[in-house]
Amino acid sequence: MDNNENKLSLIEKISTQIVDKRNAFFLIYTLLVIFCFFSRSWVVVNNDITSYLPETTETRQGLIIMEEEFITYGTAKVMISNITYEHALAIKKDLEAIEGISNIQFDESADHFKSASALFLITFEGEDKDEITQNAMKDVLTYLDDYDHYISSTITEDSVASLESEIKVVLIISVFIILGVLLFTSKTYMEIPVLVLTFGVAAILNMGTHFLYGEISFISNSIAVVLQLALAIDYAIILCHRFTEEREHLPAREAAIKALSKAIPEISSSSLTTVSGLMALMFMQFRLGFDMGLVLIKALLFSLLVVFTLMPGLLMVFSNAMDKTVHKNFVPKITKWGNLVVKTRYVIPPLFVILVIGSFYFSNQTNYVYGYSTLTTVKKNETQIANKKIKDTFGSDNLLAVIVPAGDYESEGKLLKAFEELKVTETAIGLANSKVNDRHYVTDKLNPRQFAELTDIDIEISNLLYRAYAVEQGTYSKLVNGLDEYDVPLIDIFIFLYNQKEAGYFTLDHELETEIDELYEMLSEGKAQLQGKNYSRLLLNLNMPEEGEEAFEWLDKFHNIAYQYYDEVYFAGATTSNNDLGVFFSKDNIIISVLSALFVMIILLFTFKSAGLPVLLVLTIQGSIWINFSFPAVENTNIFFMSYLVVTSIQMGATIDYAIVITSRYMELKKWMPIHEAMIKSLNQAFPTIITSGTILSSAGILIGRLASDYAIASIGTCLGRGTVISLVLVMGVLPQTLLFGDKIIEKTAFVLKRPGLITTHRGNLRISGRLQGYVSGYIDAEIKGTIKGEVTGIVEVGGASLEDQLLTTKEVEE
């Protein structure tokens with residue numbers, strides 16, 4: 001027994017330990033599952049896609065400055081349909097009385113009242129997440145209960161919760177699909193609980209460890225579990241089928257050890273292709289790719305870990321039940337399909353080449369977009385419905401923030417005026433063009449007398465106020481030269497007056513104090529939004545698309561105008577973020593394409609040790625991707641740029657897996673049978689594995705595309721579902737013909753030279769002394785010494801074979 005133990009390979013020794021220590025693994029996984037069940041809620045989900053832009057981009061720099069320097073008060077667009085203008089005025093008055101609402105914009109213009117519908121633009125007293133804003137919004141919603149209303153606001157929008165509920169539905173439906181597919185492709189009914197437990201534990205462990213990253217994107221959080229089940233299902237099926245094969249002639253323990261030792265190299269090799277595709281995502285400059293790659297790679301690694309360490313024990317626990325529930329094979333043979341593939345091997349490849357060329361052209365015509373404004377989804381949530389209703393009735397707006405250094409009100413005013421003169425500008429708002437009354441802007445410079453007249457305070461108090469301001473600012477020369485020529489921006493001197501009043505240095509009559517308090521509230525609110533310690537913010541409301549060639553051309557014009565007045569300018573908004581994303585997409589697309597192709601070639605070269613074979617396989621793999629992404633161009637629909645990057649990586653990994661399954665079987669079988677028969681047999685053997693994985697992955701993608709309301713996630717799902725179906729068709733149809741068509745290329749470009757061997761087919765008595773690989777009334781690969789009675793078809797790689805007393809040579813056998 002000890003000798004046998006010593007003869008075991010390292011993998012067999014590891015497999016033995018895993019199987020024998022199964023109870024310890026059961027305990028460990030039970031504790032981990034309990035922990036992860038609670039730790040799932042610790043993960044922080046980031047639903048701001050722009051936060052993954054590098055900090056060197058203009059959008060990120062602008063957003064960081066705005067977050068540090070300005071207050072952005074909560075806002076809401078509220079549209080009420082089927083009311084009169086008079087009724088709308090009454091509603092406005094009622095809404096203004098709600099605590100927490102700062103002001104409401106509404107008038108009789110077409111921008112606010114049209115087709116018996118009223119549009120109220122509400123500004124709140126706090127930011128989106130402030131308690132006063134949240135409470136005010138709840139009161140608004142309560143008030144609007146009896147009206148036909150639509151609300152567009154980030155205050156009420158909870159995209160993370162909405163997505164979670166949608167993905168739960170996708171997951172539930174996916175589970176039923178998986179169960180149906182597994183039932184169809186299983187060999188025994190009780191292997192299904194083993195597979196489900198394996199999937200479940202791997203998924204919970206992955207979800208429960210997301211918190212280790214600090215935060216993850218809403219895209220990764222939403223689709224990781226579904227893609228994990230779809231991508232990693234092969235691993236569990238391979239081990240399960242290995243076990244059932246070994247169980248036919250071995251006890252449960254030995255069968256589990258043998259199956260695991262065989263499955264570890266096979267599964268590890270299979271997972272490498274998918275991991276390599278996801279690794280390509282992590283090299284993207286747009287860091288959302290790194291986030292998705294990291295999360296999905298972790299999902300696959302957990303799946304591998306659970307399959308290798310938990311599933312063998314589960315197979316042993318369920319082994320008796322599995323023996324009792326063996327059923328007939330439901331998966332049909334596809335010999336007829338194989339025959340058709342062989343017969344059309346000279347017809348389909350040339351047509352496929354033409355299709356690939358056309359697909360390459362159309363895929364390059366696809367219009368990739370970087371924002372959500374032009375995308376649609378099958379399912380729409382309440383926010384999307386409201387936004388569409390408001391957009392259809394009152395049109396859409398495009399808000400762009402311009403951030404410039406603070407303090408130069410004159411340049412700020414000139415820049416605002418230059419922006420206002422552009423045909424795409426609806427409004428341009430900044431401190432420099434905000435009015436206090438019909439005569440004065442808040443940044444106008446006033447001397448003490450002018451300020452006294454404006455505020456109706458005594459001239460002596462005004463002079464005293466200006467002296468105190470000059471002392472605080474350190475401008476003592478103004479005191480020497482006289483105050484009559486000392487002019488100060490209205491907003492600055494007024495806020496100084498208010499602070500001095502509050503400190504008790506000035507006493508004003510009650511009526512004047514009330515007026516100053518009201519004016520201060522208005523000015524301080526405007527300043528908090530438009531001026532910070534170091535920067536000022538200008539807000540442009542534009543009547544142009546958020547993205548596209550026209551929008552990006554206008555963005556360049558805005559930059560050129562701004563740089564005439566400032567050396568340092570930052571733009572932030574949907575147009576700038578879309579422009580930045582577009583720049584990085586072109587770069588990241590090249591990175592992913594090059595790395596994916598490199599990874600694929602390396603994997604295929606090491607797998608098949610042939611220079612020609614990878615080229616033939618890559619043609620099919622890349623062709624499937626080009627065909628997939630030519631559909632949007634043909635259908636004249638836009639596609640979210642991340643869909644291409646993510647789906648390309650996943651589809652490439654899955655297609656390679658399918659291709660390797662067929663190709664490896666074909667390369668093995670053709671050693672001892674004609675290539676046409678080898679291909680037909682390969683398709684029959686590979687079909688159950690490919691149809692299982694492909695059906696589940698395509699179903700998961702299609703479900704995500706139809707049931708997710710988020711544009712990015714729905715787009716990824718649609719492209720993944722369609723791409724998987726295309727990959728299945730090409731791998732089962734075109735790839736076999738390509739391999740047959742290019743068989744001579746494969747042989748001539750092989751790295752390993754063929755060893756001479758005796759290729760023999762014989763019926764009768766055959767004496768063999770050497771290694772035989774082939775079929776002897778059943779497949780055999782062993783060292784044989786003795787006589788075989790029966791039909792032999794195979795290769796004698798080492799040694800020799802003789803008929804009766806005569807040694808057969810290679811030439812004699814072939815003759």
# chains A, B, ... in the order shown; residues from 1 in each chain; ligands from 1
$ residues_around --residues "range 653-666 of chain A" --least-positions-apart "2" --cutoff "7 Å" --atoms "only C-alpha atoms" --output "mmCIF file with N, CA and C atoms, in the first residue's frame"
data_model
loop_
_atom_site.group_PDB
_atom_site.id
_atom_site.type_symbol
_atom_site.label_atom_id
_atom_site.label_comp_id
_atom_site.auth_asym_id
_atom_site.auth_seq_id
_atom_site.Cartn_x
_atom_site.Cartn_y
_atom_site.Cartn_z
ATOM 1 N N SER A 270 -9.001 24.923 -19.041
ATOM 2 C CA SER A 270 -10.205 25.548 -19.589
ATOM 3 C C SER A 270 -10.417 26.937 -18.998
ATOM 4 N N THR A 273 -8.398 30.233 -20.362
ATOM 5 C CA THR A 273 -8.831 31.009 -21.523
ATOM 6 C C THR A 273 -9.784 32.135 -21.125
ATOM 7 N N THR A 274 -10.732 31.819 -20.234
ATOM 8 C CA THR A 274 -11.678 32.842 -19.787
ATOM 9 C C THR A 274 -10.981 33.896 -18.942
ATOM 10 N N GLY A 277 -9.085 36.411 -21.022
ATOM 11 C CA GLY A 277 -9.948 37.430 -21.619
ATOM 12 C C GLY A 277 -10.316 38.515 -20.631
ATOM 13 N N ILE A 621 -12.927 32.500 -34.009
ATOM 14 C CA ILE A 621 -13.175 33.249 -32.768
ATOM 15 C C ILE A 621 -13.411 34.724 -33.062
ATOM 16 N N SER A 649 -14.328 40.357 -24.458
ATOM 17 C CA SER A 649 -13.478 39.538 -23.590
ATOM 18 C C SER A 649 -14.165 38.239 -23.201
ATOM 19 N N ILE A 650 -15.431 38.328 -22.783
ATOM 20 C CA ILE A 650 -16.142 37.135 -22.332
ATOM 21 C C ILE A 650 -16.432 36.191 -23.499
ATOM 22 N N GLN A 651 -16.895 36.757 -24.625
ATOM 23 C CA GLN A 651 -17.218 35.921 -25.781
ATOM 24 C C GLN A 651 -15.972 35.235 -26.325
ATOM 25 N N GLU A 668 -6.986 14.222 -31.306
ATOM 26 C CA GLU A 668 -6.720 12.925 -30.697
ATOM 27 C C GLU A 668 -7.275 11.786 -31.555
ATOM 28 N N LEU A 669 -8.520 11.962 -31.997
ATOM 29 C CA LEU A 669 -9.191 10.873 -32.721
ATOM 30 C C LEU A 669 -8.610 10.646 -34.110
ATOM 31 N N LYS A 670 -8.114 11.709 -34.729
ATOM 32 C CA LYS A 670 -7.643 11.539 -36.110
ATOM 33 C C LYS A 670 -6.334 10.759 -36.191
ATOM 34 N N ALA A 678 -13.236 11.137 -37.658
ATOM 35 C CA ALA A 678 -12.778 11.754 -36.411
ATOM 36 C C ALA A 678 -13.577 13.014 -36.100
ATOM 37 N N MET A 679 -13.888 13.810 -37.123
ATOM 38 C CA MET A 679 -14.641 15.041 -36.896
ATOM 39 C C MET A 679 -16.074 14.733 -36.463
ATOM 40 N N SER A 682 -15.938 13.614 -32.957
ATOM 41 C CA SER A 682 -15.605 14.747 -32.078
ATOM 42 C C SER A 682 -16.838 15.596 -31.791
ATOM 43 N N LEU A 683 -17.633 15.859 -32.812
ATOM 44 C CA LEU A 683 -18.840 16.659 -32.625
ATOM 45 C C LEU A 683 -19.819 15.951 -31.701
ATOM 46 N N ALA A 686 -18.350 16.262 -28.112
ATOM 47 C CA ALA A 686 -18.284 17.623 -27.571
ATOM 48 C C ALA A 686 -19.652 18.270 -27.410
ATOM 49 N N ILE A 690 -20.752 21.506 -24.885
ATOM 50 C CA ILE A 690 -20.903 22.817 -25.519
ATOM 51 C C ILE A 690 -22.340 23.316 -25.426
ATOM 52 N N SER A 727 -21.432 32.212 -31.508
ATOM 53 C CA SER A 727 -20.261 31.369 -31.246
ATOM 54 C C SER A 727 -20.626 29.894 -31.319
ATOM 55 N N VAL A 731 -18.859 27.440 -33.952
ATOM 56 C CA VAL A 731 -18.018 26.369 -33.420
ATOM 57 C C VAL A 731 -18.530 25.003 -33.849
#
$ atom_distance --atom1 "CA of Ile403 in chain A" --atom2 "CA of Leu530 in chain A"
9.2 Å
$ atom_distance --atom1 "CA of Ser536 in chain A" --atom2 "CA of Ala406 in chain A"
4.8 Å
$ select_by_dssp --residues "range 414-573 of chain A" --states "alpha helix (DSSP H)" --output "NGL selection string"
:A and (414-420 or 448-455 or 459-473 or 477-481 or 490-503 or 510-530 or 549-562)
$ residues_around --residues "Phe120 in chain A" --least-positions-apart "5" --cutoff "8 Å" --atoms "only C-alpha atoms" --output "NGL selection string"
:A and (77-79 or 92 or 104-106 or 112)
$ closest_residue --among "A:Leu508, A:Leu272, A:Ala432, A:Val615" --to "Lys527 in chain A" --atoms "only C-alpha atoms"
A:Ala432
$ atom_distance --atom1 "CA of Val734 in chain A" --atom2 "CA of Pro349 in chain A"
6.7 Å
